[in-house]
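A.B. asks: Okay, here's the structure, questions in a sec.
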Amino acid sequence: MPATKIESVQALRAVAALCIAILHVLNDATTLDPGGLMAHWHEALPWAGGVDLFFVISGFVMVYASGALFGNRNSPALFMARRLIRIVPLYWTTTTLFLLVALAARSSVSEGAGSVADVVMSYAFLPARRADGGIQPIYSLGWTLNYEMFFYVVFAACIWQTRRRALVLVALLLGAAMAMHPLVPEQATALVFWTDPILAEFLFGMAVAVAAAAGVSLSAPIRAGVIVAALLLLMIGHIYAGDGSRPLTIGVPMAMLMAGTVLGRPVRIGRALLLLGDASYALYLVHPFAMRPVALLWRHLHLTGPVAAAGYAVVALTLAVAGAICVQLWFDRPIGDWLRARLAEFAVRRALLPRALAS
């Protein structure tokens, strides 16, 4: 299975990021609409499932894109270097911007800058408990990246084995971690976080990748049926299930959605959706920076009511998407390309891997 982009996966990335941005935009819009119309839309669909979809996609992509790295003793360092290049520059930049805004105008942000220890742990992807009891970094969106980084570390620790052994080891390690969760004392913050059952969603994505690598190909009617069933299960879980069953009520349907999307003949995706898929990480991290000035403007102008709230949602989401694409094209991609080129040169110079595998 070649490590090339799958268009349908890029489309799913776009959907995941849009869901999270819409969730936060609608949450802000509810404060402008005392009548409750925005609150209805905020609660009507499982927008938060975009995070779970991201985790499933991550599990899939790590298996799909790492085929050439399995069985090489130099692979753990190279794998982690690639993941750090992908994750760190934009996350550290947005975290720093958040800190600057929080320090300059605490009244216009929803969270404080936190202590020095909180700041250090946030940059290091280490879970820390906040004053309100939640386990989040100072830039709260980074909680998902803390899970991603933990998954990467586990994956990197196993990738030097043969592909089959590595995937079994990853599954066993994550399974053992989740089995420990009920036994972990609440004060052990990092262990509480790193053993959460939400880790199962990475395994779901890995399972879909294994099926794809094995040549499993579903017919178009079956794929459509799987996707429809996934959406129905998502809605049923959203309406009837509690928060404690998230990996089952959201993670499983998202894995089904992934399976229905990738297990079969490739589907052509429009260029706009592919561009948004490329910018999905940027959209996830930068959309609050687009929302905030629009919210302040609406409040300054005393714009309230359902029409004003809907207008806020449209303007904020449009700015978020446009901003994310600009960040992707002019910041995230150039920096990533430059760092990957330096990594490839280093790997070849040190004879860690052939250039074709290092790049």
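Letters for chains follow the order of the structure tokens (A, B, ...), residue numbers begin at 1 for each chain, and ligand numbers begin at 1 in the order shown.
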Just the residues within 7 Å of Ala48 (chain A), please, counting only C-alpha atoms, with nothing from its chain fewer than 6 positions along; format it as a list in words.

C.D. replies: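 In the requested form, the answer reads Cys19, Ile20 and Leu23 of chain A.
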
A.B. asks: Leaving out Phe151 (chain A) and any residue of its chain fewer than 4 positions from it, which residues lie within 10 Å of it when counting only C-alpha atoms, given as a list in words?

C.D. replies: Phe55, Ser58, Gly59, Met62, Leu145, Asn146, Tyr147, Phe155, Ala156, Ala157, Val170, Leu174, Trp194, Leu199, Phe202 and Leu203 of chain A

A.B. asks: From the set A:Ala102, A:Val153, A:Leu248, A:Val61, which residue has the shortest atom-to-atom contact distance to Val208 (chain A), counting only C-alpha atoms?

C.D. replies: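 Under the stated criterion, the closest residue is A:Val61.
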
A.B. asks: Excluding region 211-213 of chain A and residues on its chain fewer than 3 positions from it, collect all residues at most 9 Å away from it, counting only C-alpha atoms, and give them as an NGL selection string.

C.D. replies: :A and (1 or 64 or 206-208 or 216-217 or 259 or 262-264)

A.B. asks: Measuring atom to atom with only C-alpha atoms, identify which of A:Ala308, A:Leu234, A:Ala128, A:Leu274 is nearest to Val192 (chain A).

C.D. replies: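 Looking at the shortest contact to Val192 (chain A), the residue is A:Ala128.
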
A.B. asks: If we count only C-alpha atoms and set the cut-off at 9 Å, which residues sit around Thr195 (chain A), ignoring sequence neighbours fewer than 3 positions away in its own chain? Please answer as a ChimeraX atom specification.

C.D. replies: /A:174-182,184,190-192,198-199

A.B. asks: Taking only C-alpha atoms into account, name the residue in A:Leu167, A:Ala14, A:Asp278, A:Ile22 that is nearest to Thr318 (chain A).

C.D. replies: A:Ile22

A.B. asks: Using DSSP on the backbone, list every residue of region 116-185 of chain A that comes out as alpha helix (DSSP H), and give them as a ChimeraX atom specification.

C.D. replies: /A:116-123,143-158,163-180

A.B. asks: Nearest to Ala324 (chain A) among A:Met80, A:Ala282, A:Met254, A:Leu103, with distances taken over only C-alpha atoms: which residue is it?

C.D. replies: A:Ala282

A.B. asks: Nearest residue to Ser219 (chain A) out of A:Arg265, A:Leu97, A:Arg299, A:Pro293, using only C-alpha atoms?

C.D. replies: A:Arg265

A.B. asks: Would you list the contacts of Gln10 (chain A) as a PyMOL selection string, taking every protein, DNA or RNA residue within 12 Å and counting only C-alpha atoms, but skipping same-chain residues closer than 5 positions in sequence?

C.D. replies: chain A and resi 4-5+15-17+53-54+57-58+61+258+261-262+267-281

A.B. asks: Write out the residues from the selection above, keeping C-alpha atoms, as a short mmCIF file (atom, residue, chain, number, x, y, z; two decimals), in the first residue's frame.

C.D. replies:
data_model
loop_
_atom_site.label_atom_id
_atom_site.label_comp_id
_atom_site.auth_asym_id
_atom_site.auth_seq_id
_atom_site.Cartn_x
_atom_site.Cartn_y
_atom_site.Cartn_z
CA THR A 4 0.14 8.48 -1.05
CA LYS A 5 -2.80 10.64 -0.06
CA VAL A 15 -15.56 17.03 7.52
CA ALA A 16 -13.96 16.42 10.93
CA ALA A 17 -12.46 19.91 11.14
CA LEU A 53 -13.23 11.03 13.43
CA PHE A 54 -9.80 12.66 13.63
CA ILE A 57 -8.24 8.86 10.71
CA SER A 58 -4.99 9.10 12.68
CA VAL A 61 -2.98 7.00 8.44
CA MET A 258 -14.04 5.44 7.43
CA THR A 261 -15.23 5.59 2.52
CA VAL A 262 -11.90 3.84 1.87
CA VAL A 267 -13.93 8.16 -5.14
CA ARG A 268 -13.18 11.43 -6.88
CA ILE A 269 -13.36 14.39 -4.53
CA GLY A 270 -13.82 18.02 -5.51
CA ARG A 271 -10.77 20.29 -5.37
CA ALA A 272 -12.35 22.62 -2.82
CA LEU A 273 -12.95 19.78 -0.37
CA LEU A 274 -9.43 18.44 -0.94
CA LEU A 275 -7.99 21.88 -0.22
CA LEU A 276 -10.00 22.06 2.99
CA GLY A 277 -8.81 18.56 3.86
CA ASP A 278 -5.22 19.73 3.45
CA ALA A 279 -6.04 22.70 5.70
CA SER A 280 -7.99 20.66 8.26
CA TYR A 281 -5.28 20.79 10.92
#

A.B. asks: Looking at A:Ala229, A:Ile87, A:Leu32, A:Ala224, which one is nearest to Tyr284 (chain A), with distances taken over only C-alpha atoms?

C.D. replies: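 Ranked by minimum distance to Tyr284 (chain A), first place goes to A:Ile87.
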
A.B. asks: Report the distance between CA of Arg13 (chain A) and CA of Leu99 (chain A) in Å, rounded to one decimal place.

C.D. replies: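 A separation of 27.1 Å between them.
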